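Visitor: Please find one structure pasted underneath; my questions will follow.
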Amino acid sequence: MIKQIAVLPGDGIGPEVTGEAVQLLEEVGIQFGHTFHFQYADIGGCALDKTGTPLPEETLQLCRESDAILLGAVGGPKWDHGPGEKRPEAGLLGLRKELQLYANLRPVIVFPALANASSLKAEVLEGVDLMIIRELTGGLYFGQPRGRKQTDQGLAVVDTLYYTEAEIERVLRKAFEIARVRKKHLVSVDKANVLDSSRLWRETADRIGKEYPDVKLEHMLVDNAAMQLVRKPSQFDTVVTENMFGDILSDEAAMLSGSLGMLPSASLSEDGPGLYEPVHGSAPDIAGQNLANPLATFLSVAMMLKYSFHLEKEAQAVEQAIRKVLDDGYRTRDLAQEGEPALSTTEMGEKVRAYL
Ligand code: ATP
Ligand code: MG
């Protein structure tokens, strides 16, 4: 198989973790007989510095022409005080919107070797293997009108939670498809007791659900879902929800696994390239020091192999290699116990390639 991958290293630790991920993909290519071509482009703060915009047209063009996109992270203190459109994060939001990456997939897997890194008890974490699907291009984060204005009562503000039925339908459909290849249990999270948008969400889920009679659909209010996620996370298999609820719940669920350095994500569109990136940010405090944990990016590579290239065996080989490395006690600094020796970013990369 021959594939073109756009690599957007971004800022902070982004170049370090994507550098290792590219080498891992090359190793997968050698072992399984595939050719991956890598093309690099700027996004975020580094793009702002070079071109004055966080999402240059060339970057967007390269992404559109590629089979998949591997992204590191964007942002850092250097750019924190710019106006909204001059923020590195605007580059990532723009890319998601331009490529219509409407379904954000965030798996939460608890590696038994790391169970002690979580703040929850081992018995609560047993058997946790869940996938949160967050709508990514609509809702409160994009709805118009928005902003503040002076009124005779003082300052007033508005944000708009806007969804078309088609936007709700496509992400729900994606969620049913994913639930179907998992444990066939889908929890749709909303706030249908209060919000009109949630009522349409729920009606749509029920309607689409009829096309997937093999998937058990359950509705849950978001406040209850937030509670259940820490009370008994193993009750969840696949979860789908709108943009803001998904933002909050996926960060909450992320903490089940104990470390930001272990969490991958995929953002998918209807038929364009998928975007794969670690959940963590640019970690400016450890950037450039060869300390970052590359495993979240490696797990994102496994998702790319699975969801964009349908290379199931290859994806499993990457996950297995990571599991073995952890079982054998290898840790980067963020995962190591006090006083325990730790591997650098590049050493962890070498280890995983060797185990593969
Ligand atoms: P952003 O605003 O970009 O989401 P953030 O404020 O959520 O950033 P991160 O950049 O993700 O923060 O970092 C949060 C903390 O976690 C930092 O102390 C950072 O060093 C640590 N961290 C994040 N990613 C990693 C990683 N891959 N390896 C080791 N430590 C990490
Ligand atoms: Mg963050």
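Residues in the structure tokens are named by chain (A, B, ... in the order shown) and by number from 1 within that chain; ligands are numbered from 1 in the order shown.
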I'd like to know which residues of region 101-344 of chain A are strand (DSSP E or B) (by DSSP, run on the backbone); could you write them as a CSV table (one decimal) with C-alpha atoms, in the first residue's frame?
Guide:
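Wrote states.csv, looks like this:
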```csv
chain,number,residue,atom,x,y,z
A,103,ALA,CA,-16.2,13.4,14.4
A,104,ASN,CA,-13.6,13.4,17.1
A,105,LEU,CA,-12.7,10.0,18.4
A,106,ARG,CA,-11.0,9.7,21.8
A,107,PRO,CA,-10.4,6.2,23.0
A,108,VAL,CA,-9.7,5.7,26.7
A,109,ILE,CA,-7.8,2.6,27.4
A,129,ASP,CA,-12.1,0.4,27.3
A,130,LEU,CA,-14.3,3.2,26.0
A,131,MET,CA,-14.5,5.5,23.0
A,132,ILE,CA,-15.9,9.0,23.2
A,133,ILE,CA,-17.1,10.5,19.9
A,134,ARG,CA,-17.4,14.3,20.1
A,135,GLU,CA,-19.1,16.4,17.4
A,143,GLY,CA,-22.8,29.2,16.3
A,144,GLN,CA,-23.6,32.8,15.4
A,145,PRO,CA,-24.4,35.3,16.7
A,146,ARG,CA,-21.9,35.6,19.4
A,147,GLY,CA,-20.1,38.4,21.2
A,148,ARG,CA,-20.7,41.2,23.7
A,149,LYS,CA,-22.5,44.5,23.5
A,150,GLN,CA,-23.4,47.4,25.7
A,151,THR,CA,-27.1,47.6,26.7
A,154,GLY,CA,-24.9,47.1,31.3
A,155,LEU,CA,-22.7,44.6,29.3
A,156,ALA,CA,-24.5,41.6,27.7
A,157,VAL,CA,-23.1,38.5,26.0
A,158,VAL,CA,-24.4,35.8,23.7
A,159,ASP,CA,-23.1,32.5,22.4
A,160,THR,CA,-25.3,30.4,20.2
A,185,HIS,CA,-23.5,-0.4,23.0
A,186,LEU,CA,-23.9,3.3,22.3
A,187,VAL,CA,-24.6,5.9,25.0
A,188,SER,CA,-25.9,9.2,23.5
A,189,VAL,CA,-25.3,12.0,25.9
A,190,ASP,CA,-27.4,15.2,25.9
A,216,LYS,CA,-28.1,-1.1,21.9
A,217,LEU,CA,-28.8,2.7,22.2
A,218,GLU,CA,-29.1,4.3,25.6
A,219,HIS,CA,-29.7,8.1,26.4
A,220,MET,CA,-28.0,9.7,29.3
A,221,LEU,CA,-28.1,13.3,30.6
A,238,THR,CA,-19.1,3.9,22.9
A,239,VAL,CA,-20.3,7.4,23.8
A,240,VAL,CA,-21.4,10.1,21.4
A,241,THR,CA,-22.2,13.7,22.3
A,264,PRO,CA,-4.5,9.5,21.2
A,265,SER,CA,-7.2,11.1,19.1
A,266,ALA,CA,-8.6,10.9,15.5
A,267,SER,CA,-10.8,13.5,13.8
A,268,LEU,CA,-12.7,12.2,10.8
A,274,GLY,CA,-8.4,12.0,8.8
A,275,LEU,CA,-6.4,14.0,11.3
A,276,TYR,CA,-4.5,12.2,14.0
A,277,GLU,CA,-3.0,13.9,17.0
A,278,PRO,CA,-2.2,13.3,20.7
A,332,THR,CA,9.2,8.1,30.2
A,343,LEU,CA,13.6,6.9,29.1
```
Visitor: Go through the chains and note each residue within 6 Å of ligand 1, using only C-alpha atoms and all ligand atoms, then give the set as an NGL selection string.
Guide: :A and (75 or 260-261 or 280-283 or 285-286 or 292-294 or 334)
Visitor: Please, could you write that set of residues out with C-alpha atoms as a PDB file, in the first residue's frame?
Guide:
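again_18.pdb was written with the following content:
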```pdb
ATOM      1  CA  GLY A  75       0.569  26.841  20.994  1.00  0.00           C
ATOM      2  CA  LEU A 260      -1.923  12.951  29.252  1.00  0.00           C
ATOM      3  CA  GLY A 261       1.064  11.383  27.562  1.00  0.00           C
ATOM      4  CA  HIS A 280      -1.975  16.643  25.052  1.00  0.00           C
ATOM      5  CA  GLY A 281      -0.808  20.145  24.223  1.00  0.00           C
ATOM      6  CA  SER A 282       2.582  21.523  23.288  1.00  0.00           C
ATOM      7  CA  ALA A 283       3.963  21.158  26.845  1.00  0.00           C
ATOM      8  CA  ASP A 285       7.711  23.379  30.073  1.00  0.00           C
ATOM      9  CA  ILE A 286       9.509  20.302  28.696  1.00  0.00           C
ATOM     10  CA  ALA A 292       8.167  14.104  26.155  1.00  0.00           C
ATOM     11  CA  ASN A 293       6.249  10.850  26.121  1.00  0.00           C
ATOM     12  CA  PRO A 294       5.685   9.911  22.459  1.00  0.00           C
ATOM     13  CA  ASP A 334       5.822  11.490  33.156  1.00  0.00           C
TER      14      ASP A 334
END
```
Visitor: Enumerate the residues of region 155-208 of chain A with a DSSP assignment of alpha helix (DSSP H), computed from the backbone, and present them as a ChimeraX atom specification.
Guide: /A:165-180,196-208
Visitor: What is the atom 1 (Mg, counted along the ligand's line) of ligand 2-CA of Pro54 (chain A) distance in Å, reported with one decimal?
Guide: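 Taking atom 1 (Mg, counted along the ligand's line) of ligand 2 and CA of Pro54 (chain A), their separation equals 18.0 Å.
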Visitor: Kindly indicate which residue among A:Leu136, A:Leu55, A:Leu229, A:Val74 lies nearest to ligand 2, using only C-alpha atoms and all ligand atoms for the distances.
Guide: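 Among the listed residues, the smallest separation from ligand 2 belongs to A:Val74.
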Visitor: Got a sec: who's within 7 Å of Gly10 (chain A), counting only C-alpha atoms, leaving out chain neighbours fewer than 3 positions off, as a ChimeraX atom specification?
Guide: /A:14-15,42-44,46,72-74
Visitor: Quick one, how far is CA of Gly76 (chain A) from CA of Pro284 (chain A)?
Guide: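 Atom-to-atom, CA of Gly76 (chain A) to CA of Pro284 (chain A), that is 6.0 Å.
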Visitor: Counting only C-alpha atoms, figure out which residue out of A:Ser66, A:Thr53, A:Ser257, A:Ser234 gets nearest to Trp79 (chain A).
Guide: A:Thr53
Visitor: Taking into account only C-alpha atoms and all ligand atoms, which residue in the set A:Val318, A:Ile168, A:Glu89, A:Val128 is nearest to ligand 2?
Guide: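 Answer, going by the shortest atom-to-atom distance: A:Glu89.
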Visitor: Could you check which of A:Lys351, A:Arg87, A:Lys191, A:Lys78 is closest to Asp328 (chain A), using only C-alpha atoms?
Guide: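 The answer is A:Lys351, which sits nearest to Asp328 (chain A).
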Visitor: If you measure from CA of Gln39 (chain A) to CA of Ala6 (chain A), what distance in Å do you get, rounded to one decimal?
Guide: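 Calculated distance between CA of Gln39 (chain A) and CA of Ala6 (chain A) is 5.0 Å.
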Visitor: Out of A:Val17, A:Ile5, A:Val325, A:Leu71, which residue has the shortest atom-to-atom distance to Arg96 (chain A) when counting only C-alpha atoms?
Guide: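 Going through A:Val17, A:Ile5, A:Val325, A:Leu71 one by one, the smallest distance to Arg96 (chain A) is for A:Leu71.
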Visitor: Env of Ser119 (chain A): 8 Å cut, atoms = only C-alpha atoms, seq-sep filter 2 positions within chain, self excluded. Answer as a VMD selection string.
Guide: chain A and resid 116 to 117 121 255 to 256 258
Visitor: What would the file look like if the residues just selected were written as a JSON list (two decimals), in the first residue's frame with C-alpha atoms?
Guide:
```
[["chain", "number", "residue", "atom", "x", "y", "z"],
["A", 116, "ASN", "CA", -1.27, 3.01, 39.54],
["A", 117, "ALA", "CA", -0.83, 6.29, 37.60],
["A", 121, "LYS", "CA", -8.76, 2.80, 42.45],
["A", 255, "MET", "CA", -7.87, 11.22, 33.52],
["A", 256, "LEU", "CA", -8.98, 7.60, 33.92],
["A", 258, "GLY", "CA", -3.65, 8.53, 34.40]]
```
Visitor: A:Ala192, A:Val230, A:Ala68, A:Leu92: which is nearest Ile2 (chain A), counting only C-alpha atoms?
Guide: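 Residue with the minimum atom-to-atom distance to Ile2 (chain A): A:Ala68.
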Visitor: Tell me which protein, DNA and RNA residues are within 12 Å of Arg323 (chain A), counting only C-alpha atoms, leaving out same-chain ones fewer than 6 positions away, and put them as a list in words.
Guide: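 Listing them by chain and then by number gives Ile109, Val110, Phe111, Pro112, Ala113, Leu114, Met262, Leu295, Phe298, Leu299, Gln316, Ala317, Gly329, Tyr330, Arg331, Lys351, Val352, Tyr355 and Leu356 of chain A.
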Visitor: With C-alpha atoms retained, could you export that selection as a CSV table (one decimal), in the first residue's frame?
Guide:
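This went into selection_6.csv:
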```
chain,number,residue,atom,x,y,z
A,109,ILE,CA,-7.8,2.6,27.4
A,110,VAL,CA,-6.3,1.8,30.8
A,111,PHE,CA,-3.0,-0.1,30.5
A,112,PRO,CA,-2.8,-2.5,33.4
A,113,ALA,CA,0.9,-1.7,33.8
A,114,LEU,CA,-0.1,2.0,34.4
A,262,MET,CA,-0.9,8.2,26.7
A,295,LEU,CA,3.2,7.1,23.2
A,298,PHE,CA,2.2,6.4,18.6
A,299,LEU,CA,-1.3,5.4,19.6
A,316,GLN,CA,-2.7,-4.0,16.5
A,317,ALA,CA,1.1,-4.6,16.1
A,329,GLY,CA,8.6,-1.6,32.9
A,330,TYR,CA,9.9,1.0,30.5
A,331,ARG,CA,8.6,4.5,31.3
A,351,LYS,CA,12.2,0.7,22.2
A,352,VAL,CA,8.8,0.6,20.6
A,355,TYR,CA,9.5,-4.4,20.0
A,356,LEU,CA,7.5,-4.0,16.8
```
Visitor: May I have the residues within 10 Å of Leu93 (chain A) as a list in words, using only C-alpha atoms and disregarding those fewer than 4 positions away in the same chain?
Guide: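 Using only C-alpha atoms, the neighbours found are Leu55, Pro88, Glu89, Lys97, Glu98, Leu101, Leu136, Thr137, Tyr141 and Phe142 of chain A.
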